[in-house]
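Just below is one structure, and these are the notes that go with it.
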Amino acid sequence: MSQEVVDGKEAATEEGIDSAIEANENKLKERKISWAKLRRVDSLNLEAGRVSTGEGHSDKVDWRRTLSLAFQSIGVVYGDIGTSPLYVFSSTFTDHKIENKDDIIGVLSLIIYTIVLVPMLKYVFIVLQANDNGDGGTFALYSLICRSARVGLIPNDQPEDRQLSNYSLDTPSNQLRRAQKIREKLENSKTSKIVLFLVTILGTSMVIGDGVLTPCISVLSAVSGISSLGKDAIVGISVAILIVLFSVQRFGTDKVGLSFAPIILLWFTFIGGIGLYNLFKYNPGVLRAFNPGYAVDYFRRNGKKGWISLGGIVLCITGTEAMFADLGHFNILAIQISFSGTVFPALLAAYSGQAAYLTEFPGEVDNTFYNSIPDPLYWPTFVVAVAAAIIASQAMISGAFAIISQSLSLGCFPRVKVVHTSAKYEGQVYIPEINYLLMIACVIVCVGFKTTEKIGNAYGIAVVAVMVITTCMVTLIMLVIWKTSIWWIALFLVVFSSIEAVYFSSVLYKFKQGGFLPLAFSFVLMVVMGVWHYVHKERYMFELRNKVSSDYIKDLTANPHINRVPGMGLLYSELVQGIPPIFPHFIANVPSIHSILVFVSIKNIPISRVALEERFLFRHVEPRDYRMFRCVVRYGYKDVIERPKEFEQQLVENLKEFIRHESYIFEAIMREQSKQMTEPMNLQHSTILVNDGMVGSSGRSSTIHVVESQQQNYPCVSSGSIESIQVDGKSTNSFSKMVTSPIQGAEEEMQIVQTAKEKGVVYLLGEAEVVAEENSSLFKQIVVNYAYSFLRKNFRQGEKVLEIPRTRLLRVGMTYEI
């Protein structure tokens, strides 16, 4: 009986052990890492493999949150398109007379279907889907294309980047062959890469140009409501408002942002209500404009004159791009609700009411909006109009700041100071230099043009150009990323490119009447951005061609004249594939190396944000006992580079975690080598299984089990990957037991890193003077030696952008001949 009990207990014990082992194996499967893959890559990939499960900007939010975002978006997104009724009819009938009252219905029909097709159908329901993890705008489209196809001009793409949690792209259909062919053509064509880049910075320049034109036309239109004032007085008041507006930018929109949505909502209530009042009072028959035949008849009657008037009609959709550009602060559903439920009906009512008023008073087309307001509501509407104009201006100015900030991250704009004005909203930034340049430009435009009609001629080109660029880039995304049916793509391209081409041809007709302004402004910006990015690329290629060899590092470690000084040195470079040529120059001038030296490469990834736990990649620089590391710090184009104290803490913590993690991997390799010497090779799979657990009160421990495939008797680890580490004078090859805690050598290395950090961190920056080679063409010499040199000297230096303390900065000069 007792024997049976014992046998039962043993059986139960064995069964319990088996179930525990099975449960443990199931848990370990969740953390399986391919050993074969680890052997083929360097230690940067070890860190890259540990990605977070965090998702990007998500549209899956509850209804209460969505409705709240929809309300907030009214104040941020729609100020520009909401103030368009102030000047559309006056800009359309430029001779200030209406010969045929049916022309009013024809123009209204064009306004209605322009709003329905472009903002509603194209942007709200199609373009918003082409977001980059919830962020929109020209750079979002460019980043999506760059992630799908290697079309970036700087060759710093790494396999680790594609393991980022926000990097993956959704491919909802199976049109793979067509997408692959287009991708290969883009990647193999240098012309395609350059054209795509130029189109992107053109769109960016046009949006920045909107930051100049929107404040001018919005404020000037609002102030013109004081009809008793002369033209010069209206211009003077507008200039004063603009100067005040730009002067308060340094305080940030977050301070007054809470009032934006109620004011713009009140504005839409006013224009919608007044529109309905005028519609039913004067002529409800203008609703016949919903019949598109009236638009066709308008062109038949007016011919070329009707085509020219499209330059004024297109102003009814100014600010449409803001719905996409400002998507990052909201979500798709919130934008769709706010536009469809509030903005769209209010605009239709406003334009219909003005059209009804004009059928009774066609001679008042030069100031239709204010003349159509009932007397009791005149001054309240005027006050709200001025406030709405200022908010519309604020939105475009903030958008210009945000776009320039994104341009900086992609190396497309000279270094400027970026001040983050809100702890709550990351996208709200202030750039002092750009702010004052925009203010000067606005004052010049306002004084020079004086009327909304002339500014409208310039404004139309900027508006339509951005829309054309968006249509082209979204079509490319449909082909390469979405893999949509070719028929839907053709329909999208034909319909919207046709509409925008007609409008664009009309606004170009007014080139001499002010249309030249946004093109000239964009040309200057494109030259600045193009020159800066070209030299930035060539500088990177110079460093890539002249990177330091491994033999130099080995000779350096054997040089008795090189001193090691306490502390940690951070040598900054943009090179991600090796050690930059500035390093030997440092050694030649200062023959000393810190006890811990990290080659830091700030790398910008074509995604909006990189999760903090995925930001740092490390690898050892051989020989390991010299304690030199390479570190790639990855940022998205909307990420903020931390201040030095915070950055140092993050870097050190991640470096210590890398040392700990690598020690576990090394232990597994050494133990497997030892095991292969004594056991037959009969296993078919190659994996590393890692199980974290707790051992008493000693803290975290790890159990690592390695199984090696029989094709490889010994793991061939590259010099750039994992090498033998001596622990307490003994090789880890002698380890034959499972590791239950971090090895002592790793703990010592981590303590050395921490001690070096406490001794002080010194920043090493190279002052690279870039010049063209002697045999370069004259054009290249002008671009590099004069244009780039001028931009570099008149904008901020790297240490000011990174906010490095001058007391901990060491700079050494070097000349790069490109």
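In the structure tokens, each chain is lettered A, B, ... as it comes, each chain's residues begin at 1, and ligands are numbered from 1 in order of appearance.
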
Non-local contacts of Lys450 of chain A (9 Å; only C-alpha atoms; under 6 positions in same chain excluded) as an MDAnalysis selection string: chainID A and resid 220 231:232 234:235

Just-selected residues, all heavy atoms written as a PDB file, in the first residue's frame:
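So again27.pdb came out as:
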ATOM      1  N   LEU A 220      -6.710  91.268 -43.731  1.00  0.00           N
ATOM      2  CA  LEU A 220      -7.102  92.388 -44.586  1.00  0.00           C
ATOM      3  C   LEU A 220      -8.599  92.315 -44.925  1.00  0.00           C
ATOM      4  O   LEU A 220      -9.301  93.338 -44.917  1.00  0.00           O
ATOM      5  CB  LEU A 220      -6.274  92.372 -45.862  1.00  0.00           C
ATOM      6  CG  LEU A 220      -6.115  93.698 -46.624  1.00  0.00           C
ATOM      7  CD1 LEU A 220      -5.485  94.760 -45.739  1.00  0.00           C
ATOM      8  CD2 LEU A 220      -5.261  93.483 -47.873  1.00  0.00           C
ATOM      9  N   LYS A 231      -8.601 102.988 -47.834  1.00  0.00           N
ATOM     10  CA  LYS A 231      -7.765 101.816 -48.117  1.00  0.00           C
ATOM     11  C   LYS A 231      -6.469 101.846 -47.307  1.00  0.00           C
ATOM     12  O   LYS A 231      -6.041 100.828 -46.752  1.00  0.00           O
ATOM     13  CB  LYS A 231      -7.449 101.761 -49.610  1.00  0.00           C
ATOM     14  CG  LYS A 231      -6.632 100.543 -50.020  1.00  0.00           C
ATOM     15  CD  LYS A 231      -6.298 100.567 -51.499  1.00  0.00           C
ATOM     16  CE  LYS A 231      -7.543 100.445 -52.348  1.00  0.00           C
ATOM     17  NZ  LYS A 231      -7.213 100.335 -53.792  1.00  0.00           N
ATOM     18  N   ASP A 232      -5.832 103.007 -47.216  1.00  0.00           N
ATOM     19  CA  ASP A 232      -4.575 103.105 -46.477  1.00  0.00           C
ATOM     20  C   ASP A 232      -4.770 102.827 -44.994  1.00  0.00           C
ATOM     21  O   ASP A 232      -3.922 102.181 -44.355  1.00  0.00           O
ATOM     22  CB  ASP A 232      -3.962 104.494 -46.671  1.00  0.00           C
ATOM     23  CG  ASP A 232      -3.499 104.731 -48.101  1.00  0.00           C
ATOM     24  OD1 ASP A 232      -3.256 103.727 -48.811  1.00  0.00           O
ATOM     25  OD2 ASP A 232      -3.403 105.905 -48.504  1.00  0.00           O
ATOM     26  N   ILE A 234      -7.091 100.885 -43.673  1.00  0.00           N
ATOM     27  CA  ILE A 234      -7.326  99.436 -43.534  1.00  0.00           C
ATOM     28  C   ILE A 234      -6.009  98.676 -43.581  1.00  0.00           C
ATOM     29  O   ILE A 234      -5.770  97.764 -42.786  1.00  0.00           O
ATOM     30  CB  ILE A 234      -8.286  98.962 -44.637  1.00  0.00           C
ATOM     31  CG1 ILE A 234      -9.695  99.518 -44.393  1.00  0.00           C
ATOM     32  CG2 ILE A 234      -8.327  97.435 -44.698  1.00  0.00           C
ATOM     33  CD1 ILE A 234     -10.673  99.207 -45.504  1.00  0.00           C
ATOM     34  N   VAL A 235      -5.142  99.077 -44.510  1.00  0.00           N
ATOM     35  CA  VAL A 235      -3.825  98.421 -44.612  1.00  0.00           C
ATOM     36  C   VAL A 235      -3.018  98.664 -43.333  1.00  0.00           C
ATOM     37  O   VAL A 235      -2.366  97.746 -42.807  1.00  0.00           O
ATOM     38  CB  VAL A 235      -3.065  98.940 -45.842  1.00  0.00           C
ATOM     39  CG1 VAL A 235      -1.622  98.435 -45.830  1.00  0.00           C
ATOM     40  CG2 VAL A 235      -3.765  98.500 -47.122  1.00  0.00           C
TER      41      VAL A 235
END

For Asn283 of chain A, the nearest of the candidates A:Val494, A:Ala356, A:Ile317, A:Ala233, counting only C-alpha atoms: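 Ranked by minimum distance to Asn283 of chain A, first place goes to A:Ala356.
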
Two-atom distance - atom CA of Cys316 of chain A, atom CA of Phe290 of chain A (Å): 16.2 Å

Shell of 6 Å around segment 574-583 of chain A, only C-alpha atoms, local chain residues under 5 positions omitted, as a ChimeraX atom specification: /A:543,546-548,601-602

Backbone DSSP call of alpha helix (DSSP H) for segment 217-387 of chain A, listed as an MDAnalysis selection string: chainID A and resid 217:223 231:247 260:282 293:302 304:313 321:325 332:338 344:360 368:371 378:387

From A:Val239, A:Leu213, A:Leu153, A:Ala768, residue lying nearest Lys193 of chain A [only C-alpha atoms]: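 Looking at the shortest contact to Lys193 of chain A, the residue is A:Leu153.
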
Pick from A:Leu408, A:Val527, A:Leu778, A:Leu765, whichever lies nearest to Arg811 of chain A using only C-alpha atoms: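 Comparing A:Leu408, A:Val527, A:Leu778, A:Leu765 against Arg811 of chain A, the winner is A:Leu765.
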
Non-local contacts of Val468 of chain A (7 Å; only C-alpha atoms; under 3 positions in same chain excluded) as a VMD selection string: chain A and resid 464 to 465 471 to 472 497 500

Residues within 10 Å of Val383 of chain A, only C-alpha atoms, excluding chain neighbours under 6 positions, as a VMD selection string: chain A and resid 222 to 223 225 267 389

Between atom CA of Ile469 of chain A and atom CA of Tyr534 of chain A, distance in Å (one decimal):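 About the pair atom CA of Ile469 of chain A and atom CA of Tyr534 of chain A: they are 21.8 Å apart.
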